[in-house]
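The data block below is my_file-v3.txt; it holds compact mmCIF, C-alpha atoms.
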```txt
# COMPACT_ATOMS: atom_id res chain seq x y z
CA MET A 1 0.00 0.00 0.00
CA ALA A 2 1.38 3.42 -0.97
CA THR A 3 2.03 5.94 1.74
CA SER A 4 0.47 9.37 1.27
CA PRO A 5 2.82 12.38 1.27
CA ARG A 6 1.02 13.78 4.34
CA LEU A 7 1.43 10.52 6.28
CA ALA A 8 5.09 10.27 5.30
CA ALA A 9 5.72 13.80 6.51
CA SER A 10 3.98 13.06 9.82
CA LEU A 11 6.07 9.94 10.34
CA ALA A 12 9.27 11.85 9.59
CA LEU A 13 8.32 14.54 12.11
CA LEU A 14 7.54 11.93 14.76
CA LEU A 15 10.89 10.23 14.28
CA THR A 16 12.68 13.57 14.57
CA VAL A 17 10.88 14.38 17.84
CA LEU A 18 11.70 10.96 19.28
CA ALA A 19 15.34 11.29 18.29
CA CYS A 20 15.59 14.65 20.04
CA ALA A 21 13.59 13.59 23.07
CA SER A 22 15.61 10.48 23.81
CA PRO A 23 18.91 12.22 24.66
CA ARG A 24 16.98 14.86 26.60
CA ALA A 25 15.24 12.18 28.66
CA GLU A 26 18.56 10.48 29.30
CA ALA A 27 20.09 13.74 30.46
CA GLN A 28 17.17 14.44 32.79
CA ALA A 29 17.42 10.94 34.23
CA ALA A 30 21.13 11.42 34.85
CA LEU A 31 20.45 14.66 36.74
CA ALA A 32 17.62 13.22 38.83
CA PRO A 33 18.55 12.63 42.49
CA ALA A 34 19.63 9.11 43.24
CA THR A 35 17.89 7.06 45.92
CA PRO A 36 19.94 7.71 49.07
CA GLN A 37 22.14 4.83 50.09
CA PRO A 38 20.96 3.05 53.27
CA LEU A 39 22.85 3.90 56.44
CA ASP A 40 23.86 1.71 59.39
CA LEU A 41 23.96 4.16 62.29
CA SER A 42 26.16 1.83 64.33
CA ARG A 43 28.96 1.56 61.76
CA PHE A 44 31.23 4.05 63.59
CA GLU A 45 30.50 2.81 67.10
CA LYS A 46 34.15 1.78 67.55
CA ASP A 47 35.27 5.33 66.79
CA ILE A 48 32.92 6.74 69.41
CA LEU A 49 34.07 4.18 71.97
CA ALA A 50 37.66 5.21 71.23
CA PHE A 51 36.76 8.85 71.94
CA GLU A 52 35.19 7.84 75.23
CA ALA A 53 38.21 5.76 76.23
CA ALA A 54 40.53 8.67 75.41
CA ASP A 55 38.38 11.00 77.49
CA ARG A 56 38.60 8.67 80.48
CA ALA A 57 42.37 8.43 80.15
CA THR A 58 42.88 12.17 79.67
CA PRO A 59 39.77 14.22 80.38
CA PRO A 60 39.52 17.10 77.89
CA PRO A 61 38.64 20.62 79.04
CA GLN A 62 35.05 21.67 79.50
CA GLY A 63 33.75 24.69 77.64
CA ALA A 64 36.32 24.58 74.84
CA ILE A 65 35.97 24.79 71.04
CA LEU A 66 34.64 21.55 69.55
CA PHE A 67 35.20 20.48 65.94
CA VAL A 68 32.71 17.86 64.77
CA GLY A 69 31.89 16.28 61.45
CA SER A 70 33.30 13.90 58.89
CA SER A 71 36.68 12.98 57.44
CA ILE A 72 37.59 16.48 56.21
CA PHE A 73 37.90 17.47 59.88
CA ARG A 74 38.98 14.02 61.09
CA LEU A 75 42.08 14.19 58.87
CA TRP A 76 42.99 17.68 60.06
CA LYS A 77 46.01 16.41 61.98
CA ASP A 78 47.52 19.83 62.69
CA LEU A 79 44.29 21.29 64.04
CA PRO A 80 45.58 21.88 67.61
CA THR A 81 48.76 23.62 66.46
CA GLN A 82 47.07 25.61 63.69
CA MET A 83 44.37 26.80 66.10
CA ALA A 84 46.77 27.49 69.00
CA PRO A 85 46.45 29.01 71.52
CA LEU A 86 42.72 28.37 71.22
CA PRO A 87 41.54 25.31 73.21
CA VAL A 88 40.18 22.83 70.67
CA ILE A 89 38.83 19.29 70.72
CA ASN A 90 38.38 17.28 67.52
CA ARG A 91 35.59 14.71 67.53
CA ALA A 92 35.06 14.28 63.80
CA PHE A 93 34.75 10.65 62.82
CA GLY A 94 34.86 8.32 59.85
CA GLY A 95 33.21 9.22 56.61
CA SER A 96 30.15 10.19 58.61
CA ARG A 97 26.89 11.62 57.33
CA THR A 98 24.53 14.14 58.90
CA PRO A 99 22.24 11.50 60.48
CA GLU A 100 25.26 10.16 62.37
CA GLN A 101 26.05 13.57 63.82
CA LEU A 102 22.54 13.54 65.25
CA HIS A 103 22.71 9.91 66.36
CA TYR A 104 25.88 10.48 68.40
CA PHE A 105 25.08 14.01 69.57
CA GLU A 106 24.82 13.06 73.24
CA ARG A 107 28.21 11.33 73.09
CA ILE A 108 30.33 13.62 70.90
CA VAL A 109 28.93 17.02 71.90
CA LEU A 110 27.27 17.12 75.30
CA PRO A 111 30.13 15.64 77.37
CA TYR A 112 32.35 18.61 76.50
CA ARG A 113 29.84 21.44 77.09
CA PRO A 114 31.57 23.43 74.32
CA ARG A 115 31.19 27.18 74.09
CA VAL A 116 31.89 27.11 70.35
CA ILE A 117 31.23 24.35 67.81
CA VAL A 118 32.62 24.17 64.28
CA TYR A 119 30.64 21.73 62.15
CA TYR A 120 31.63 20.14 58.83
CA CYS A 121 29.36 17.44 57.46
CA GLY A 122 27.36 16.80 54.32
CA SER A 123 29.98 15.73 51.79
CA ASN A 124 29.18 12.07 52.27
CA ASP A 125 25.46 12.76 52.17
CA VAL A 126 25.95 14.26 48.72
CA ASN A 127 27.90 11.21 47.57
CA ALA A 128 25.17 8.96 48.98
CA GLY A 129 22.49 10.61 46.82
CA GLU A 130 20.84 12.83 49.43
CA THR A 131 18.99 15.96 48.37
CA ALA A 132 20.14 19.42 49.41
CA GLN A 133 16.92 19.88 51.37
CA ALA A 134 17.45 16.69 53.39
CA ILE A 135 21.05 17.62 54.19
CA ALA A 136 20.16 21.14 55.28
CA ALA A 137 17.21 19.92 57.36
CA ARG A 138 19.47 17.66 59.41
CA VAL A 139 22.03 20.42 59.86
CA GLU A 140 19.22 22.56 61.24
CA GLN A 141 18.20 19.70 63.54
CA PHE A 142 21.75 19.66 64.89
CA SER A 143 21.56 23.41 65.40
CA GLU A 144 18.28 23.07 67.28
CA ARG A 145 19.66 20.34 69.54
CA VAL A 146 22.54 22.62 70.48
CA ARG A 147 20.12 25.47 71.16
CA THR A 148 18.05 23.25 73.45
CA ALA A 149 20.90 21.57 75.35
CA LEU A 150 23.54 24.34 75.23
CA PRO A 151 21.65 27.60 74.67
CA GLY A 152 24.72 29.83 74.97
CA THR A 153 26.89 27.85 72.56
CA ARG A 154 27.85 29.34 69.20
CA VAL A 155 27.79 27.07 66.15
CA TYR A 156 29.65 27.75 62.90
CA PHE A 157 28.77 25.66 59.87
CA ALA A 158 31.59 25.17 57.36
CA SER A 159 30.50 24.93 53.74
CA ILE A 160 30.48 21.58 51.99
CA ILE A 161 33.56 21.61 49.80
CA LYS A 162 33.16 21.41 46.02
CA ALA A 163 35.70 18.65 45.58
CA PRO A 164 36.40 17.43 42.04
CA GLN A 165 35.36 13.93 43.09
CA LYS A 166 31.73 15.10 43.30
CA ARG A 167 31.71 17.50 40.35
CA ASP A 168 28.57 15.92 38.88
CA ARG A 169 26.67 16.88 42.06
CA TRP A 170 28.02 20.37 42.59
CA ASP A 171 24.49 21.65 42.06
CA VAL A 172 23.42 19.75 45.18
CA VAL A 173 26.43 21.12 47.08
CA ASP A 174 25.54 24.67 46.08
CA ARG A 175 21.90 24.30 47.10
CA ALA A 176 22.74 22.66 50.43
CA ASN A 177 25.28 25.36 51.22
CA ALA A 178 22.79 28.10 50.36
CA LEU A 179 20.15 26.58 52.65
CA VAL A 180 22.58 26.16 55.54
CA ARG A 181 23.87 29.69 55.05
CA ALA A 182 20.31 31.04 55.17
CA HIS A 183 19.79 29.27 58.49
CA ALA A 184 23.07 30.56 59.90
CA ASP A 185 22.27 34.10 58.79
CA THR A 186 18.95 34.15 60.62
CA ALA A 187 19.41 31.93 63.70
CA PRO A 188 20.92 33.58 66.80
CA GLY A 189 24.39 32.36 67.71
CA ARG A 190 24.99 30.73 64.34
CA GLY A 191 27.50 31.48 61.60
CA TYR A 192 28.61 30.20 58.21
CA ILE A 193 32.20 29.76 57.05
CA ASP A 194 32.69 29.44 53.30
CA LEU A 195 35.77 27.29 52.71
CA ASN A 196 35.46 27.01 48.95
CA PRO A 197 37.10 30.27 47.79
CA ALA A 198 40.32 29.36 49.60
CA LEU A 199 40.46 26.03 47.77
CA GLN A 200 39.67 27.26 44.26
CA ASP A 201 41.34 29.30 41.56
CA GLU A 202 39.99 32.58 40.19
CA ARG A 203 37.65 30.65 37.85
CA GLY A 204 36.10 28.70 40.70
CA GLU A 205 37.91 25.49 39.77
CA PRO A 206 39.43 23.25 42.46
CA LEU A 207 43.16 23.67 43.05
CA MET A 208 44.14 20.12 42.18
CA ASP A 209 47.55 20.26 43.84
CA LEU A 210 45.77 20.47 47.21
CA TYR A 211 44.08 17.08 46.78
CA LEU A 212 45.06 13.50 47.43
CA ALA A 213 44.68 10.98 44.61
CA ASP A 214 41.03 10.37 45.55
CA ARG A 215 40.24 13.99 44.51
CA LEU A 216 38.23 14.36 47.73
CA HIS A 217 40.59 14.58 50.70
CA TYR A 218 43.38 17.05 51.28
CA LEU A 219 47.12 17.39 51.51
CA PRO A 220 48.58 19.46 54.38
CA PRO A 221 48.80 22.73 52.38
CA ALA A 222 45.02 22.68 52.00
CA TYR A 223 44.60 22.67 55.76
CA GLU A 224 46.82 25.72 56.01
CA ARG A 225 44.34 27.49 53.73
CA ILE A 226 41.36 26.16 55.69
CA SER A 227 42.96 27.27 58.94
CA ALA A 228 43.50 30.76 57.57
CA VAL A 229 39.74 31.02 56.95
CA VAL A 230 38.46 29.28 60.08
CA LYS A 231 40.78 30.60 62.78
CA PRO A 232 39.88 34.31 62.61
CA VAL A 233 36.18 33.48 62.90
CA VAL A 234 36.67 31.09 65.78
CA ALA A 235 39.13 33.39 67.56
CA GLN A 236 36.63 36.25 67.41
CA ALA A 237 33.86 34.03 68.76
CA TRP A 238 36.11 32.74 71.53
CA SER A 239 37.11 36.24 72.58
CA GLU A 240 33.42 37.02 73.06
CA VAL A 241 32.20 33.86 74.78
CA ALA A 242 35.26 33.41 77.02
CA ARG A 243 34.97 36.83 78.64
CA PRO A 244 34.56 36.67 82.45
```
Can the structure from this file be put into C-alpha cells for me?
Amino acid sequence: MATSPRLAASLALLLTVLACASPRAEAQAALAPATPQPLDLSRFEKDILAFEAADRATPPPQGAILFVGSSIFRLWKDLPTQMAPLPVINRAFGGSRTPEQLHYFERIVLPYRPRVIVYYCGSNDVNAGETAQAIAARVEQFSERVRTALPGTRVYFASIIKAPQKRDRWDVVDRANALVRAHADTAPGRGYIDLNPALQDERGEPLMDLYLADRLHYLPPAYERISAVVKPVVAQAWSEVARP
C-alpha cells in the first residue's frame, strides 16, 4: 500500500521528535537525584568508643571549642597547632553523614559542654544521593539540639567543599550550602564559614595540587588554607564567649 505524502511527513516529524527527546530524557534521568544509600547508624561505634576511652584516660577541658563532622575534619592532623592558643577538641569521625552527627550528639557534643562548635558534614550525604533539602534539614536539627541543650553555645557551619570527586553533584552542594547559610544568617548564635574560595582558583575550579589521589581529601597545604579562613572566625567568637 502506498504511503500518502502527508502521512510520510507526519512519520518523519515523529521520528525527529523521538530522536531529540531520547537524549533529553537520558540527560534528565542522569540529573535526577539518586535514591539515598541506606545507612547503618552503628557503623562508627568503635570510633565513638575510642573517643570515650581517650576521654577517660585524659579528660579534655570543658567549655572549649569543639570540631565535629566527617573525614575532612577528622584528617585535620595539625588542628591543635594551627588553632593554637585556642583550646580545641576534635571529635570528627569516619566518613560520617549528617544522620550520624545527630545519632551520636549526646556522646560527641554534650560531654564537652563546648562554648563554640565548628561543624563540617554533608559531603558524604551528597555522595550517597541525598537531596540538598534533606542535608540542610538535618544540619538545622543539629543546630536546634545545640540550642536546646547548650543555649549559649555558638555554632559555625563550614561549607560543603566542592571537591572534584563530586563534580557531577556540585548543584546539590551549592543548594545545600545556600540553605545552611540562610539558616546561619537568621538563627541567633549561628554562623557560616565558606571554605570554597580558599580552595579554588579565580575561575572557581578546584586547586588540584591540594588534593590526594582520591580527589576528595586534602594534603597538608590545603589545611593551612582552611585554617586561615576558620581561625579568625573562631578566635573572634572565643574572645566574646570566654569573657569573664
>> Which residues are close to Ile117 (chain A), i.e. within 6 Å by all atoms listed in the file, leaving aside same-chain residues fewer than 3 positions away? Reply as a ChimeraX atom specification.
In response: /A:65-67,155
>> Give me, as a PyMOL selection string, all polymer residues having an atom no more than 9 Å from Phe142 (chain A), counting all atoms listed in the file and skipping those fewer than 4 positions away in the same chain.
In response: chain A and resi 98+101-102+105+137-138+146-147
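The space separating CA of Ala228 (chain A) from CA of Leu195 (chain A) comes to 9.8 Å.
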>> Using all atoms listed in the file, can you tell me which of A:Gly152, A:Glu106, A:Gln133, A:Gly69 comes closest to Cys121 (chain A)?
In response: A:Gly69
Restrict the calculation to all atoms listed in the file, then for each residue of region 127-204 of chain A with any atom at most 12 Å from an atom of region 37-43 of chain A give the closest atom pair and their distance in Å to one decimal, rows by chain and rising residue number, as a tab-separated table.
```
residue	atom	partner	partner_atom	distance
A:Asn127	CA	A:Gln37	CA	9.0
A:Ala128	CA	A:Gln37	CA	5.2
A:Gly129	CA	A:Gln37	CA	6.7
A:Glu130	CA	A:Gln37	CA	8.1
A:Thr131	CA	A:Gln37	CA	11.7
```
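Considering all atoms listed in the file, the residue among A:Val229, A:Val234, A:Tyr120, A:Ala222 positioned nearest to Asp78 (chain A) is A:Ala222.
Note that the spacing between CA of Gln62 (chain A) and CA of Glu140 (chain A) amounts to 24.2 Å.
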>> Using all atoms listed in the file, can you tell me which of A:Asn124, A:Thr81, A:Gly63, A:Trp76 comes closest to Val109 (chain A)?
In response: A:Gly63
>> If we count all atoms listed in the file and set the cut-off at 12 Å, which residues sit around Leu49 (chain A), ignoring sequence neighbours fewer than 6 positions away in its own chain? Please answer as a list in words.
In response: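 In the requested format, the answer is Ser42, Arg43, Asp55, Arg56, Arg91, Phe93, Tyr104, Arg107 and Ile108 of chain A.
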>> Show me the residues close to (41.5, 12.4, 69.2) - anything with an atom within 10 Å, counting only C-alpha atoms - and format the list as a ChimeraX atom specification.
In response: /A:47,50-52,54-55,74,77,89-93
> Residues at most 10 Å from region 240-243 of chain A, counting all atoms listed in the file, excluding those fewer than 4 positions away in the same chain, as a VMD selection string?
Replying inline: chain A and resid 63 to 64 115 to 116 152 to 154 234 to 236
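From CA of Leu75 (chain A) back to CA of Leu219 (chain A), the distance works out to 9.5 Å.
The environment of Leu199 (chain A) within 12 Å, counting all atoms listed in the file and disregarding residues fewer than 5 places along the same chain, consists of Ser159, Ile160, Ile161, Lys162, Ala163, Pro164, Asp194, Gly204, Glu205, Pro206, Leu207, Met208, Asp209, Leu210, Tyr211, Leu216, His217, Tyr218, Leu219, Pro221, Ala222, Tyr223, Glu224, Arg225, Ile226, Ser227, Ala228 and Val229 of chain A.
The nearest approach to Gly94 (chain A) among the residues A:Lys46, A:Arg203, A:Arg113, A:His183, with all atoms listed in the file taken into account, belongs to A:Lys46.
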> Looking at A:Ala187, A:Ala213, A:Val88, A:Val139, which one is nearest to Ala158 (chain A), with distances taken over all atoms listed in the file?
Replying inline: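 Looking at the shortest contact to Ala158 (chain A), the residue is A:Val139.
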> Which residue out of A:Ala178, A:Leu110, A:Met83, A:Val233 has the minimum interatomic distance to Ile193 (chain A) when all atoms listed in the file are used?
Replying inline: A:Val233
Would you kindly place N, CA and C atoms on region 39-65 of chain A and return the model as a PDB file, in the frame of the given file?
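part09.pdb, written as the output of this step:
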```pdb
ATOM      1  N   LEU A  39      21.820   3.522  55.480  1.00  0.00           N
ATOM      2  CA  LEU A  39      22.850   3.900  56.440  1.00  0.00           C
ATOM      3  C   LEU A  39      22.711   3.074  57.710  1.00  0.00           C
ATOM      4  N   ASP A  40      23.790   2.430  58.114  1.00  0.00           N
ATOM      5  CA  ASP A  40      23.860   1.710  59.390  1.00  0.00           C
ATOM      6  C   ASP A  40      24.405   2.675  60.432  1.00  0.00           C
ATOM      7  N   LEU A  41      23.552   3.141  61.327  1.00  0.00           N
ATOM      8  CA  LEU A  41      23.960   4.160  62.290  1.00  0.00           C
ATOM      9  C   LEU A  41      24.959   3.659  63.323  1.00  0.00           C
ATOM     10  N   SER A  42      25.191   2.363  63.366  1.00  0.00           N
ATOM     11  CA  SER A  42      26.160   1.830  64.330  1.00  0.00           C
ATOM     12  C   SER A  42      27.535   1.585  63.711  1.00  0.00           C
ATOM     13  N   ARG A  43      27.734   1.947  62.458  1.00  0.00           N
ATOM     14  CA  ARG A  43      28.960   1.560  61.760  1.00  0.00           C
ATOM     15  C   ARG A  43      30.211   2.218  62.339  1.00  0.00           C
ATOM     16  N   PHE A  44      30.073   3.370  63.006  1.00  0.00           N
ATOM     17  CA  PHE A  44      31.230   4.050  63.590  1.00  0.00           C
ATOM     18  C   PHE A  44      31.249   3.956  65.116  1.00  0.00           C
ATOM     19  N   GLU A  45      30.553   2.969  65.650  1.00  0.00           N
ATOM     20  CA  GLU A  45      30.500   2.810  67.100  1.00  0.00           C
ATOM     21  C   GLU A  45      31.899   2.661  67.704  1.00  0.00           C
ATOM     22  N   LYS A  46      32.789   1.953  67.020  1.00  0.00           N
ATOM     23  CA  LYS A  46      34.150   1.780  67.550  1.00  0.00           C
ATOM     24  C   LYS A  46      34.876   3.118  67.662  1.00  0.00           C
ATOM     25  N   ASP A  47      34.645   4.007  66.724  1.00  0.00           N
ATOM     26  CA  ASP A  47      35.270   5.330  66.790  1.00  0.00           C
ATOM     27  C   ASP A  47      34.779   6.107  68.007  1.00  0.00           C
ATOM     28  N   ILE A  48      33.484   6.021  68.278  1.00  0.00           N
ATOM     29  CA  ILE A  48      32.920   6.740  69.410  1.00  0.00           C
ATOM     30  C   ILE A  48      33.428   6.139  70.721  1.00  0.00           C
ATOM     31  N   LEU A  49      33.510   4.829  70.780  1.00  0.00           N
ATOM     32  CA  LEU A  49      34.070   4.180  71.970  1.00  0.00           C
ATOM     33  C   LEU A  49      35.517   4.592  72.187  1.00  0.00           C
ATOM     34  N   ALA A  50      36.265   4.758  71.107  1.00  0.00           N
ATOM     35  CA  ALA A  50      37.660   5.210  71.230  1.00  0.00           C
ATOM     36  C   ALA A  50      37.724   6.625  71.791  1.00  0.00           C
ATOM     37  N   PHE A  51      36.820   7.502  71.367  1.00  0.00           N
ATOM     38  CA  PHE A  51      36.760   8.850  71.940  1.00  0.00           C
ATOM     39  C   PHE A  51      36.507   8.774  73.446  1.00  0.00           C
ATOM     40  N   GLU A  52      35.562   7.938  73.821  1.00  0.00           N
ATOM     41  CA  GLU A  52      35.190   7.840  75.230  1.00  0.00           C
ATOM     42  C   GLU A  52      36.326   7.267  76.070  1.00  0.00           C
ATOM     43  N   ALA A  53      37.058   6.308  75.513  1.00  0.00           N
ATOM     44  CA  ALA A  53      38.210   5.760  76.230  1.00  0.00           C
ATOM     45  C   ALA A  53      39.299   6.818  76.380  1.00  0.00           C
ATOM     46  N   ALA A  54      39.534   7.597  75.333  1.00  0.00           N
ATOM     47  CA  ALA A  54      40.530   8.670  75.410  1.00  0.00           C
ATOM     48  C   ALA A  54      40.131   9.718  76.430  1.00  0.00           C
ATOM     49  N   ASP A  55      38.850  10.008  76.521  1.00  0.00           N
ATOM     50  CA  ASP A  55      38.380  11.000  77.490  1.00  0.00           C
ATOM     51  C   ASP A  55      38.568  10.508  78.922  1.00  0.00           C
ATOM     52  N   ARG A  56      38.381   9.211  79.135  1.00  0.00           N
ATOM     53  CA  ARG A  56      38.600   8.670  80.480  1.00  0.00           C
ATOM     54  C   ARG A  56      40.075   8.714  80.852  1.00  0.00           C
ATOM     55  N   ALA A  57      40.927   8.431  79.871  1.00  0.00           N
ATOM     56  CA  ALA A  57      42.370   8.430  80.150  1.00  0.00           C
ATOM     57  C   ALA A  57      42.895   9.837  80.371  1.00  0.00           C
ATOM     58  N   THR A  58      42.446  10.766  79.554  1.00  0.00           N
ATOM     59  CA  THR A  58      42.880  12.170  79.670  1.00  0.00           C
ATOM     60  C   THR A  58      41.669  13.058  79.459  1.00  0.00           C
ATOM     61  N   PRO A  59      40.987  13.412  80.528  1.00  0.00           N
ATOM     62  CA  PRO A  59      39.770  14.220  80.380  1.00  0.00           C
ATOM     63  C   PRO A  59      40.051  15.543  79.675  1.00  0.00           C
ATOM     64  N   PRO A  60      39.329  15.831  78.612  1.00  0.00           N
ATOM     65  CA  PRO A  60      39.520  17.100  77.890  1.00  0.00           C
ATOM     66  C   PRO A  60      38.872  18.252  78.659  1.00  0.00           C
ATOM     67  N   PRO A  61      39.215  19.480  78.323  1.00  0.00           N
ATOM     68  CA  PRO A  61      38.640  20.620  79.040  1.00  0.00           C
ATOM     69  C   PRO A  61      37.160  20.797  78.732  1.00  0.00           C
ATOM     70  N   GLN A  62      36.448  21.299  79.707  1.00  0.00           N
ATOM     71  CA  GLN A  62      35.050  21.670  79.500  1.00  0.00           C
ATOM     72  C   GLN A  62      34.997  23.086  78.917  1.00  0.00           C
ATOM     73  N   GLY A  63      33.959  23.346  78.139  1.00  0.00           N
ATOM     74  CA  GLY A  63      33.750  24.690  77.640  1.00  0.00           C
ATOM     75  C   GLY A  63      34.748  25.159  76.612  1.00  0.00           C
ATOM     76  N   ALA A  64      35.303  24.237  75.843  1.00  0.00           N
ATOM     77  CA  ALA A  64      36.320  24.580  74.840  1.00  0.00           C
ATOM     78  C   ALA A  64      35.649  24.774  73.470  1.00  0.00           C
ATOM     79  N   ILE A  65      36.451  24.672  72.421  1.00  0.00           N
ATOM     80  CA  ILE A  65      35.970  24.790  71.040  1.00  0.00           C
ATOM     81  C   ILE A  65      35.964  23.388  70.442  1.00  0.00           C
TER      82      ILE A  65
END
```
